[in-house]
>>> print(open('work-v9.pdb').read())   # PDB, C-alpha atoms
ATOM      1  CA  MET A   1       0.000   0.000   0.000
ATOM      2  CA  SER A   2       1.252   3.473  -0.791
ATOM      3  CA  ILE A   3       2.367   5.477   2.204
ATOM      4  CA  LYS A   4       0.090   8.277   0.971
ATOM      5  CA  SER A   5      -2.976   6.064   0.909
ATOM      6  CA  ASP A   6      -5.959   7.135   3.003
ATOM      7  CA  THR A   7      -8.081   4.097   2.177
ATOM      8  CA  VAL A   8      -7.391   2.449   5.544
ATOM      9  CA  ASP A   9      -8.911   3.993   8.655
ATOM     10  CA  VAL A  10      -6.139   5.230  10.928
ATOM     11  CA  TYR A  11      -7.522   3.318  13.935
ATOM     12  CA  ALA A  12      -7.479   0.077  11.959
ATOM     13  CA  HIS A  13      -3.914   0.791  10.891
ATOM     14  CA  VAL A  14      -2.835   1.486  14.481
ATOM     15  CA  ALA A  15      -4.487  -1.763  15.585
ATOM     16  CA  ASP A  16      -2.590  -3.696  12.902
ATOM     17  CA  VAL A  17       0.716  -2.140  13.933
ATOM     18  CA  LEU A  18       0.017  -2.885  17.592
ATOM     19  CA  GLN A  19      -0.744  -6.520  16.821
ATOM     20  CA  ALA A  20       2.485  -6.823  14.859
ATOM     21  CA  LEU A  21       4.447  -5.265  17.724
ATOM     22  CA  VAL A  22       2.901  -7.576  20.305
ATOM     23  CA  SER A  23       3.504 -10.663  18.168
ATOM     24  CA  VAL A  24       7.128  -9.822  17.465
ATOM     25  CA  THR A  25       7.924  -8.644  20.987
ATOM     26  CA  SER A  26       6.530 -11.827  22.550
ATOM     27  CA  SER A  27       8.656 -14.035  20.296
ATOM     28  CA  SER A  28      11.639 -15.801  21.852
ATOM     29  CA  ASP A  29      13.449 -15.953  18.519
ATOM     30  CA  ARG A  30      16.309 -13.468  18.549
ATOM     31  CA  ASP A  31      17.606 -13.870  15.018
ATOM     32  CA  ILE A  32      18.214 -10.951  12.699
ATOM     33  CA  ASP A  33      14.982 -11.537  10.746
ATOM     34  CA  ASN A  34      12.957 -10.645  13.834
ATOM     35  CA  ASN A  35      15.161  -7.605  14.368
ATOM     36  CA  LEU A  36      14.498  -6.454  10.829
ATOM     37  CA  MET A  37      10.763  -6.951  11.360
ATOM     38  CA  ARG A  38      10.896  -4.687  14.393
ATOM     39  CA  LEU A  39      12.872  -2.152  12.424
ATOM     40  CA  PHE A  40      10.260  -2.236   9.650
ATOM     41  CA  ILE A  41       7.488  -1.553  12.155
ATOM     42  CA  THR A  42       9.455   1.291  13.711
ATOM     43  CA  ARG A  43      10.535   3.077  10.549
ATOM     44  CA  ARG A  44       7.737   2.251   8.090
ATOM     45  CA  CYS A  45       4.491   1.857  10.001
ATOM     46  CA  PHE A  46       5.072   4.588  12.571
ATOM     47  CA  LYS A  47       6.140   6.923   9.766
ATOM     48  CA  LYS A  48       2.817   6.336   8.023
ATOM     49  CA  ILE A  49       0.876   7.070  11.201
ATOM     50  CA  GLY A  50       2.903  10.241  11.695
ATOM     51  CA  MET A  51       2.107  11.395   8.173
ATOM     52  CA  ARG A  52      -1.610  10.873   8.799
ATOM     53  CA  PHE A  53      -1.474  13.308  11.723
ATOM     54  CA  ARG A  54       0.996  15.757  10.190
ATOM     55  CA  SER A  55      -1.833  18.094   9.159
ATOM     56  CA  ARG A  56      -2.308  18.857  12.852
ATOM     57  CA  PRO A  57       1.209  19.500  14.132
ATOM     58  CA  PHE A  58       2.092  20.275  17.733
ATOM     59  CA  GLU A  59       3.529  23.661  18.610
ATOM     60  CA  LYS A  60       6.307  21.991  20.614
ATOM     61  CA  PRO A  61       8.056  18.614  20.657
ATOM     62  CA  ILE A  62       6.060  16.001  22.578
ATOM     63  CA  LEU A  63       8.813  15.689  25.199
ATOM     64  CA  GLU A  64       8.496  19.383  26.034
ATOM     65  CA  ILE A  65       4.717  19.106  26.245
ATOM     66  CA  LEU A  66       4.993  16.167  28.643
ATOM     67  CA  LYS A  67       7.245  18.197  30.934
ATOM     68  CA  GLU A  68       4.571  20.909  31.158
ATOM     69  CA  TRP A  69       1.825  18.580  32.372
ATOM     70  CA  LYS A  70       0.378  19.287  35.818
ATOM     71  CA  TYR A  71      -2.097  16.937  37.451
ATOM     72  CA  ASP A  72      -5.190  18.967  38.362
ATOM     73  CA  ASP A  73      -8.126  16.524  38.113
ATOM     74  CA  ASP A  74     -10.440  15.426  40.914
ATOM     75  CA  ILE A  75      -8.745  12.435  42.528
ATOM     76  CA  ASP A  76     -12.013  11.190  44.022
ATOM     77  CA  LYS A  77     -13.427  10.530  40.549
ATOM     78  CA  LEU A  78     -10.553   8.281  39.468
ATOM     79  CA  ASP A  79     -10.475   4.931  41.250
ATOM     80  CA  GLU A  80      -7.267   3.886  39.491
ATOM     81  CA  LEU A  81      -5.317   6.772  41.013
ATOM     82  CA  ASP A  82      -5.836   5.682  44.587
ATOM     83  CA  GLY A  83      -2.341   5.338  45.986
ATOM     84  CA  VAL A  84      -1.866   1.697  44.963
ATOM     85  CA  TYR A  85       1.515   0.194  44.067
ATOM     86  CA  HIS A  86       1.125  -1.231  40.564
ATOM     87  CA  ILE A  87       3.395  -4.016  39.307
ATOM     88  CA  VAL A  88       5.188  -3.181  36.065
ATOM     89  CA  SER A  89       7.484  -5.141  33.777
ATOM     90  CA  ALA A  90      10.971  -5.662  35.186
ATOM     91  CA  ARG A  91      12.445  -4.132  32.042
ATOM     92  CA  LEU A  92      10.875  -0.799  33.057
ATOM     93  CA  HIS A  93      12.255  -0.664  36.600
ATOM     94  CA  GLU A  94      15.280   1.380  35.581
ATOM     95  CA  HIS A  95      13.042   4.011  33.982
ATOM     96  CA  PHE A  96      10.812   4.259  37.081
ATOM     97  CA  ILE A  97      13.815   4.527  39.390
ATOM     98  CA  PHE A  98      15.261   7.280  37.199
ATOM     99  CA  ALA A  99      11.926   9.132  37.456
ATOM    100  CA  ARG A 100      12.047   8.667  41.259
ATOM    101  CA  VAL A 101       8.670   6.937  41.524
ATOM    102  CA  PRO A 102       8.307   5.280  44.969
ATOM    103  CA  PHE A 103       8.242   1.470  44.913
ATOM    104  CA  GLN A 104       7.839  -1.571  47.126
ATOM    105  CA  ASP A 105       7.322  -5.334  46.834
ATOM    106  CA  THR A 106       3.621  -6.024  46.447
ATOM    107  CA  THR A 107       0.943  -8.423  45.182
ATOM    108  CA  ASP A 108      -1.575  -7.281  42.582
ATOM    109  CA  GLN A 109      -5.248  -8.222  42.198
ATOM    110  CA  SER A 110      -4.301 -11.233  40.072
ATOM    111  CA  GLY A 111      -2.032 -12.625  42.766
ATOM    112  CA  ARG A 112       1.190 -11.732  40.961
ATOM    113  CA  GLN A 113       4.104 -10.744  43.153
ATOM    114  CA  GLY A 114       6.671  -8.202  42.081
ATOM    115  CA  CYS A 115       8.002  -4.681  42.382
ATOM    116  CA  GLY A 116       5.146  -2.201  42.425
ATOM    117  CA  TYR A 117       5.399   1.519  41.693
ATOM    118  CA  LEU A 118       3.130   4.039  43.364
ATOM    119  CA  LEU A 119       0.425   5.704  41.318
ATOM    120  CA  SER A 120      -1.337   8.541  43.107
ATOM    121  CA  LYS A 121      -2.188  12.196  42.619
ATOM    122  CA  ASP A 122       1.316  13.198  43.664
ATOM    123  CA  GLU A 123       3.101  10.456  41.712
ATOM    124  CA  ALA A 124       1.115  10.531  38.430
ATOM    125  CA  ILE A 125       3.582  13.040  37.019
ATOM    126  CA  GLY A 126       6.359  10.530  37.686
ATOM    127  CA  TRP A 127       4.599   7.992  35.486
ATOM    128  CA  VAL A 128       4.414  10.581  32.699
ATOM    129  CA  ASN A 129       8.117  11.302  33.192
ATOM    130  CA  VAL A 130       8.795   7.600  32.629
ATOM    131  CA  LEU A 131       7.190   7.900  29.197
ATOM    132  CA  GLY A 132       9.373  10.920  28.485
ATOM    133  CA  ASN A 133      12.513   9.005  29.503
ATOM    134  CA  ILE A 134      11.609   6.092  27.233
ATOM    135  CA  LEU A 135      10.903   8.415  24.307
ATOM    136  CA  ILE A 136      14.286  10.097  24.801
ATOM    137  CA  SER A 137      15.991   6.681  24.757
ATOM    138  CA  PHE A 138      13.958   5.698  21.697
ATOM    139  CA  ARG A 139      15.042   8.819  19.830
ATOM    140  CA  LYS A 140      18.678   8.176  20.743
ATOM    141  CA  GLY A 141      18.298   4.583  19.540
ATOM    142  CA  ILE A 142      17.012   5.728  16.158
ATOM    143  CA  GLU A 143      19.796   8.287  15.835
ATOM    144  CA  GLY A 144      22.382   5.650  16.794
ATOM    145  CA  PHE A 145      21.143   3.196  14.191
ATOM    146  CA  LYS A 146      21.070   5.834  11.469
ATOM    147  CA  ARG A 147      24.649   6.712  12.343
ATOM    148  CA  ASP A 148      26.178   3.228  12.815
ATOM    149  CA  GLN A 149      23.981   0.964  10.656
ATOM    150  CA  ASN A 150      25.160  -2.218  12.401
ATOM    151  CA  LYS A 151      23.672  -5.151  14.294
ATOM    152  CA  GLU A 152      24.584  -3.739  17.712
ATOM    153  CA  SER A 153      22.870  -0.403  17.145
ATOM    154  CA  LEU A 154      19.834  -2.204  15.738
ATOM    155  CA  GLN A 155      19.618  -4.421  18.814
ATOM    156  CA  MET A 156      19.764  -1.362  21.075
ATOM    157  CA  LEU A 157      16.876   0.175  19.132
ATOM    158  CA  VAL A 158      14.888  -3.049  19.455
ATOM    159  CA  GLU A 159      15.373  -3.122  23.234
ATOM    160  CA  VAL A 160      14.118   0.439  23.665
ATOM    161  CA  GLN A 161      11.149  -0.363  21.446
ATOM    162  CA  LYS A 162      10.333  -3.240  23.795
ATOM    163  CA  ASP A 163      10.385  -0.765  26.692
ATOM    164  CA  LEU A 164       7.913   1.442  24.858
ATOM    165  CA  VAL A 165       5.575  -1.478  24.148
ATOM    166  CA  ALA A 166       5.805  -2.685  27.758
ATOM    167  CA  TYR A 167       4.911   0.771  29.051
ATOM    168  CA  LEU A 168       2.119   1.668  26.650
ATOM    169  CA  TYR A 169       0.375  -1.674  26.241
ATOM    170  CA  LYS A 170       1.132  -3.742  29.343
ATOM    171  CA  ASN A 171       0.162  -1.211  32.027
ATOM    172  CA  PRO A 172      -3.631  -0.836  32.311
ATOM    173  CA  VAL A 173      -3.281   2.217  34.549
ATOM    174  CA  VAL A 174      -1.440   4.122  31.829
ATOM    175  CA  SER A 175      -4.643   4.502  29.833
ATOM    176  CA  THR A 176      -6.204   6.139  32.891
ATOM    177  CA  ILE A 177      -3.488   8.768  32.978
ATOM    178  CA  PHE A 178      -3.863   9.438  29.258
ATOM    179  CA  ALA A 179      -7.615   9.859  29.712
ATOM    180  CA  LEU A 180      -7.279  12.607  32.325
ATOM    181  CA  PRO A 181      -8.770  15.923  31.134
ATOM    182  CA  SER A 182      -5.630  17.746  32.280
ATOM    183  CA  PHE A 183      -3.526  15.466  30.064
ATOM    184  CA  THR A 184      -5.649  15.650  26.913
ATOM    185  CA  ASN A 185      -6.272  19.389  27.290
ATOM    186  CA  LEU A 186      -2.520  19.993  27.461
ATOM    187  CA  PHE A 187      -2.063  18.424  24.036
ATOM    188  CA  ARG A 188      -5.047  20.269  22.617
ATOM    189  CA  ALA A 189      -3.488  23.530  23.742
ATOM    190  CA  HIS A 190      -0.445  22.830  21.580
ATOM    191  CA  MET A 191      -2.298  21.892  18.401
ATOM    192  CA  HIS A 192      -2.170  24.351  15.493
ATOM    193  CA  SER A 193      -5.395  23.033  13.987
ATOM    194  CA  PRO A 194      -8.714  23.912  15.679
ATOM    195  CA  LYS A 195     -10.194  20.650  14.398
ATOM    196  CA  PRO A 196     -11.068  17.976  16.988
ATOM    197  CA  VAL A 197      -8.530  15.218  17.524
ATOM    198  CA  PRO A 198     -10.339  11.816  17.538
ATOM    199  CA  TRP A 199      -7.959   9.902  19.800
ATOM    200  CA  MET A 200      -7.994  12.684  22.391
ATOM    201  CA  ASP A 201     -11.785  12.893  22.321
ATOM    202  CA  LYS A 202     -12.054   9.133  22.787
ATOM    203  CA  MET A 203      -9.793   9.258  25.822
ATOM    204  CA  ALA A 204     -11.661  12.175  27.322
ATOM    205  CA  ASP A 205     -14.973  10.363  26.816
ATOM    206  CA  SER A 206     -13.652   7.384  28.758
ATOM    207  CA  THR A 207     -13.300   9.327  32.002
TER     208      THR A 207
END
>>> encode(input="work-v9.pdb", output="structure tokens")
Amino acid sequence: MSIKSDTVDVYAHVADVLQALVSVTSSSDRDIDNNLMRLFITRRCFKKIGMRFRSRPFEKPILEILKEWKYDDDIDKLDELDGVYHIVSARLHEHFIFARVPFQDTTDQSGRQGCGYLLSKDEAIGWVNVLGNILISFRKGIEGFKRDQNKESLQMLVEVQKDLVAYLYKNPVVSTIFALPSFTNLFRAHMHSPKPVPWMDKMADST
């Protein structure tokens, strides 16, 4: 399909990319073919999604917008932000420690035991900072691969991509943060286009 094609709904395309990411990331096969598949998803599919939204650019880089976010929603209306320690993937621990999110050993509702990181009104910003840290590492990984073009730099990019998938799609509480009016309104404030943004509206409707 041409990268300029608009025949596929963007939500369907995102769902297809997500499924490909999950399938590849869960594979235990570490050969170079899988690495190239991940690289294809990163450089080809994400580029297409970016082009679909390019007509509504942000005033600032996303990392700068994330740093401006301030939690100002009613905590009593959000059961997920109740001061609970949520277990996250071990591969993300370094990012949470860097963001100084409090942690402790805990057991979740499914009976899993592991290191849990605190999500509360005061610590929600820390969870957003984790996303910023991962995005910075992801950008550095892309720059490193473009510069070196070798197996080692590709593997580093793959590992950071796994971090991004683990954060975005394996943490149910993350969707709660993204649905906060203060979070979605921040991004709206930096959009050049006055047109509504479907994915932001969907998240706002879910609160």
>>> residues_near_point(input="work-v9.pdb", point="(4.6, 21.3, 34.9)", cutoff="12 Å", atoms="only C-alpha atoms", output="list of chain:residue names")
A:Leu63, A:Glu64, A:Ile65, A:Leu66, A:Lys67, A:Glu68, A:Trp69, A:Lys70, A:Tyr71, A:Asp72, A:Ala124, A:Ile125, A:Gly126, A:Val128, A:Asn129, A:Ser182, A:Phe183, A:Leu186
>>> closest_atom_pairs(input="work-v9.pdb", of="segment 59-131 of chain A", to="segment 170-178 of chain A", cutoff="12 Å", atoms="all atoms listed in the file", output="JSON lines")
{"residue": "A:Leu66", "atom": "CA", "partner": "A:Phe178", "partner_atom": "CA", "distance": 11.1}
{"residue": "A:Trp69", "atom": "CA", "partner": "A:Ile177", "partner_atom": "CA", "distance": 11.2}
{"residue": "A:Lys70", "atom": "CA", "partner": "A:Ile177", "partner_atom": "CA", "distance": 11.6}
{"residue": "A:Tyr71", "atom": "CA", "partner": "A:Ile177", "partner_atom": "CA", "distance": 9.4}
{"residue": "A:Asp72", "atom": "CA", "partner": "A:Ile177", "partner_atom": "CA", "distance": 11.7}
{"residue": "A:Asp73", "atom": "CA", "partner": "A:Ile177", "partner_atom": "CA", "distance": 10.4}
{"residue": "A:Ile75", "atom": "CA", "partner": "A:Ile177", "partner_atom": "CA", "distance": 11.5}
{"residue": "A:Lys77", "atom": "CA", "partner": "A:Thr176", "partner_atom": "CA", "distance": 11.4}
{"residue": "A:Leu78", "atom": "CA", "partner": "A:Thr176", "partner_atom": "CA", "distance": 8.2}
{"residue": "A:Asp79", "atom": "CA", "partner": "A:Thr176", "partner_atom": "CA", "distance": 9.5}
{"residue": "A:Glu80", "atom": "CA", "partner": "A:Val173", "partner_atom": "CA", "distance": 6.6}
{"residue": "A:Leu81", "atom": "CA", "partner": "A:Val173", "partner_atom": "CA", "distance": 8.2}
{"residue": "A:Asp82", "atom": "CA", "partner": "A:Val173", "partner_atom": "CA", "distance": 10.9}
{"residue": "A:Gly83", "atom": "CA", "partner": "A:Val173", "partner_atom": "CA", "distance": 11.9}
{"residue": "A:Val84", "atom": "CA", "partner": "A:Val173", "partner_atom": "CA", "distance": 10.5}
{"residue": "A:Tyr85", "atom": "CA", "partner": "A:Val173", "partner_atom": "CA", "distance": 10.8}
{"residue": "A:His86", "atom": "CA", "partner": "A:Val173", "partner_atom": "CA", "distance": 8.2}
{"residue": "A:Ile87", "atom": "CA", "partner": "A:Asn171", "partner_atom": "CA", "distance": 8.4}
{"residue": "A:Val88", "atom": "CA", "partner": "A:Asn171", "partner_atom": "CA", "distance": 6.7}
{"residue": "A:Ser89", "atom": "CA", "partner": "A:Lys170", "partner_atom": "CA", "distance": 7.9}
{"residue": "A:Ala90", "atom": "CA", "partner": "A:Lys170", "partner_atom": "CA", "distance": 11.6}
{"residue": "A:Arg91", "atom": "CA", "partner": "A:Lys170", "partner_atom": "CA", "distance": 11.6}
{"residue": "A:Leu92", "atom": "CA", "partner": "A:Asn171", "partner_atom": "CA", "distance": 10.8}
{"residue": "A:Gly116", "atom": "CA", "partner": "A:Asn171", "partner_atom": "CA", "distance": 11.6}
{"residue": "A:Tyr117", "atom": "CA", "partner": "A:Val173", "partner_atom": "CA", "distance": 11.3}
{"residue": "A:Leu118", "atom": "CA", "partner": "A:Val173", "partner_atom": "CA", "distance": 11.1}
{"residue": "A:Leu119", "atom": "CA", "partner": "A:Val173", "partner_atom": "CA", "distance": 8.5}
{"residue": "A:Ser120", "atom": "CA", "partner": "A:Ile177", "partner_atom": "CA", "distance": 10.4}
{"residue": "A:Lys121", "atom": "CA", "partner": "A:Ile177", "partner_atom": "CA", "distance": 10.3}
{"residue": "A:Glu123", "atom": "CA", "partner": "A:Ile177", "partner_atom": "CA", "distance": 11.1}
{"residue": "A:Ala124", "atom": "CA", "partner": "A:Ile177", "partner_atom": "CA", "distance": 7.3}
{"residue": "A:Ile125", "atom": "CA", "partner": "A:Ile177", "partner_atom": "CA", "distance": 9.2}
{"residue": "A:Gly126", "atom": "CA", "partner": "A:Ile177", "partner_atom": "CA", "distance": 11.1}
{"residue": "A:Trp127", "atom": "CA", "partner": "A:Val174", "partner_atom": "CA", "distance": 8.1}
{"residue": "A:Val128", "atom": "CA", "partner": "A:Ile177", "partner_atom": "CA", "distance": 8.1}
{"residue": "A:Asn129", "atom": "CA", "partner": "A:Ile177", "partner_atom": "CA", "distance": 11.9}
{"residue": "A:Val130", "atom": "CA", "partner": "A:Val174", "partner_atom": "CA", "distance": 10.8}
{"residue": "A:Leu131", "atom": "CA", "partner": "A:Val174", "partner_atom": "CA", "distance": 9.8}
>>> write_last_selection(input="work-v9.pdb", atoms="C-alpha atoms", output="short mmCIF file (atom, residue, chain, number, x, y, z; two decimals), keeping the file's coordinate frame")
data_model
loop_
_atom_site.label_atom_id
_atom_site.label_comp_id
_atom_site.auth_asym_id
_atom_site.auth_seq_id
_atom_site.Cartn_x
_atom_site.Cartn_y
_atom_site.Cartn_z
CA LEU A 66 4.99 16.17 28.64
CA TRP A 69 1.82 18.58 32.37
CA LYS A 70 0.38 19.29 35.82
CA TYR A 71 -2.10 16.94 37.45
CA ASP A 72 -5.19 18.97 38.36
CA ASP A 73 -8.13 16.52 38.11
CA ILE A 75 -8.74 12.44 42.53
CA LYS A 77 -13.43 10.53 40.55
CA LEU A 78 -10.55 8.28 39.47
CA ASP A 79 -10.48 4.93 41.25
CA GLU A 80 -7.27 3.89 39.49
CA LEU A 81 -5.32 6.77 41.01
CA ASP A 82 -5.84 5.68 44.59
CA GLY A 83 -2.34 5.34 45.99
CA VAL A 84 -1.87 1.70 44.96
CA TYR A 85 1.52 0.19 44.07
CA HIS A 86 1.12 -1.23 40.56
CA ILE A 87 3.40 -4.02 39.31
CA VAL A 88 5.19 -3.18 36.06
CA SER A 89 7.48 -5.14 33.78
CA ALA A 90 10.97 -5.66 35.19
CA ARG A 91 12.44 -4.13 32.04
CA LEU A 92 10.88 -0.80 33.06
CA GLY A 116 5.15 -2.20 42.42
CA TYR A 117 5.40 1.52 41.69
CA LEU A 118 3.13 4.04 43.36
CA LEU A 119 0.42 5.70 41.32
CA SER A 120 -1.34 8.54 43.11
CA LYS A 121 -2.19 12.20 42.62
CA GLU A 123 3.10 10.46 41.71
CA ALA A 124 1.12 10.53 38.43
CA ILE A 125 3.58 13.04 37.02
CA GLY A 126 6.36 10.53 37.69
CA TRP A 127 4.60 7.99 35.49
CA VAL A 128 4.41 10.58 32.70
CA ASN A 129 8.12 11.30 33.19
CA VAL A 130 8.80 7.60 32.63
CA LEU A 131 7.19 7.90 29.20
#
>>> residues_around(input="work-v9.pdb", residues="Phe58 of chain A", least_positions_apart="2", cutoff="6 Å", atoms="only C-alpha atoms", output="PyMOL selection string")
chain A and resi 60+190-191
>>> write_last_selection(input="work-v9.pdb", atoms="C-alpha atoms", output="compact mmCIF listing (two decimals), in the coordinates of the input")
# COMPACT_ATOMS: atom_id res chain seq x y z
CA LYS A 60 6.31 21.99 20.61
CA HIS A 190 -0.44 22.83 21.58
CA MET A 191 -2.30 21.89 18.40
>>> closest_residue(input="work-v9.pdb", among="A:Arg100, A:His95, A:Arg112, A:Lys151", to="Leu135 of chain A", atoms="all atoms listed in the file")
A:His95
>>> atom_distance(input="work-v9.pdb", atom1="atom CA of Glu143 of chain A", atom2="atom CA of Val158 of chain A")
12.9 Å
>>> closest_residue(input="work-v9.pdb", among="A:Ile136, A:Ile62, A:Val101, A:Cys115", to="Asp163 of chain A", atoms="all atoms listed in the file")
A:Ile136
>>> axis_aligned_box(input="work-v9.pdb", around="segment 147-166 of chain A", padding_each_side="3 Å", output="AutoDock Vina command-line options")
--center_x 15.9 --center_y 0.8 --center_z 19.2 --size_x 26.6 --size_y 17.9 --size_z 23.1
>>> closest_residue(input="work-v9.pdb", among="A:Ile97, A:Ala189, A:Ala179, A:Leu157", to="Phe145 of chain A", atoms="all atoms listed in the file")
A:Leu157
>>> closest_residue(input="work-v9.pdb", among="A:Gly132, A:Gly141, A:Leu164, A:Asp74", to="Pro61 of chain A", atoms="all atoms listed in the file")
A:Gly132
>>> build_atoms(input="work-v9.pdb", residues="segment 111-134 of chain A", atoms="N, CA and C atoms", output="mmCIF file, in the coordinates of the input")
data_model
loop_
_atom_site.group_PDB
_atom_site.id
_atom_site.type_symbol
_atom_site.label_atom_id
_atom_site.label_comp_id
_atom_site.auth_asym_id
_atom_site.auth_seq_id
_atom_site.Cartn_x
_atom_site.Cartn_y
_atom_site.Cartn_z
ATOM 1 N N GLY A 111 -2.874 -11.753 41.964
ATOM 2 C CA GLY A 111 -2.032 -12.625 42.766
ATOM 3 C C GLY A 111 -0.576 -12.634 42.363
ATOM 4 N N ARG A 112 -0.206 -11.795 41.379
ATOM 5 C CA ARG A 112 1.190 -11.732 40.961
ATOM 6 C C ARG A 112 2.000 -10.955 41.990
ATOM 7 N N GLN A 113 3.202 -11.435 42.246
ATOM 8 C CA GLN A 113 4.104 -10.744 43.153
ATOM 9 C C GLN A 113 5.221 -10.076 42.364
ATOM 10 N N GLY A 114 5.610 -8.900 42.784
ATOM 11 C CA GLY A 114 6.671 -8.202 42.081
ATOM 12 C C GLY A 114 6.886 -6.821 42.643
ATOM 13 N N CYS A 115 7.703 -6.044 41.960
ATOM 14 C CA CYS A 115 8.002 -4.681 42.382
ATOM 15 C C CYS A 115 6.901 -3.755 41.879
ATOM 16 N N GLY A 116 6.226 -3.100 42.798
ATOM 17 C CA GLY A 116 5.146 -2.201 42.425
ATOM 18 C C GLY A 116 5.548 -0.751 42.581
ATOM 19 N N TYR A 117 5.087 0.090 41.663
ATOM 20 C CA TYR A 117 5.399 1.519 41.693
ATOM 21 C C TYR A 117 4.130 2.304 41.989
ATOM 22 N N LEU A 118 4.275 3.305 42.850
ATOM 23 C CA LEU A 118 3.130 4.039 43.364
ATOM 24 C C LEU A 118 2.501 4.936 42.310
ATOM 25 N N LEU A 119 1.184 4.807 42.179
ATOM 26 C CA LEU A 119 0.425 5.704 41.318
ATOM 27 C C LEU A 119 -0.591 6.423 42.186
ATOM 28 N N SER A 120 -0.451 7.716 42.295
ATOM 29 C CA SER A 120 -1.337 8.541 43.107
ATOM 30 C C SER A 120 -1.367 9.937 42.504
ATOM 31 N N LYS A 121 -2.120 10.825 43.123
ATOM 32 C CA LYS A 121 -2.188 12.196 42.619
ATOM 33 C C LYS A 121 -0.804 12.825 42.576
ATOM 34 N N ASP A 122 -0.010 12.584 43.601
ATOM 35 C CA ASP A 122 1.316 13.198 43.664
ATOM 36 C C ASP A 122 2.322 12.509 42.751
ATOM 37 N N GLU A 123 2.113 11.218 42.478
ATOM 38 C CA GLU A 123 3.101 10.456 41.712
ATOM 39 C C GLU A 123 2.723 10.244 40.247
ATOM 40 N N ALA A 124 1.527 10.716 39.828
ATOM 41 C CA ALA A 124 1.115 10.531 38.430
ATOM 42 C C ALA A 124 2.091 11.205 37.477
ATOM 43 N N ILE A 125 2.625 12.340 37.875
ATOM 44 C CA ILE A 125 3.582 13.040 37.019
ATOM 45 C C ILE A 125 4.820 12.184 36.808
ATOM 46 N N GLY A 126 5.220 11.418 37.829
ATOM 47 C CA GLY A 126 6.359 10.530 37.686
ATOM 48 C C GLY A 126 6.129 9.488 36.615
ATOM 49 N N TRP A 127 4.913 8.976 36.520
ATOM 50 C CA TRP A 127 4.599 7.992 35.486
ATOM 51 C C TRP A 127 4.682 8.625 34.090
ATOM 52 N N VAL A 128 4.285 9.877 33.974
ATOM 53 C CA VAL A 128 4.414 10.581 32.699
ATOM 54 C C VAL A 128 5.883 10.821 32.380
ATOM 55 N N ASN A 129 6.683 11.111 33.405
ATOM 56 C CA ASN A 129 8.117 11.302 33.192
ATOM 57 C C ASN A 129 8.774 10.019 32.686
ATOM 58 N N VAL A 130 8.265 8.867 33.124
ATOM 59 C CA VAL A 130 8.795 7.600 32.629
ATOM 60 C C VAL A 130 8.616 7.516 31.117
ATOM 61 N N LEU A 131 7.433 7.892 30.642
ATOM 62 C CA LEU A 131 7.190 7.900 29.197
ATOM 63 C C LEU A 131 8.180 8.830 28.503
ATOM 64 N N GLY A 132 8.413 9.996 29.082
ATOM 65 C CA GLY A 132 9.373 10.920 28.485
ATOM 66 C C GLY A 132 10.768 10.327 28.419
ATOM 67 N N ASN A 133 11.189 9.629 29.479
ATOM 68 C CA ASN A 133 12.513 9.005 29.503
ATOM 69 C C ASN A 133 12.641 7.937 28.419
ATOM 70 N N ILE A 134 11.580 7.145 28.250
ATOM 71 C CA ILE A 134 11.609 6.092 27.233
ATOM 72 C C ILE A 134 11.663 6.701 25.837
#
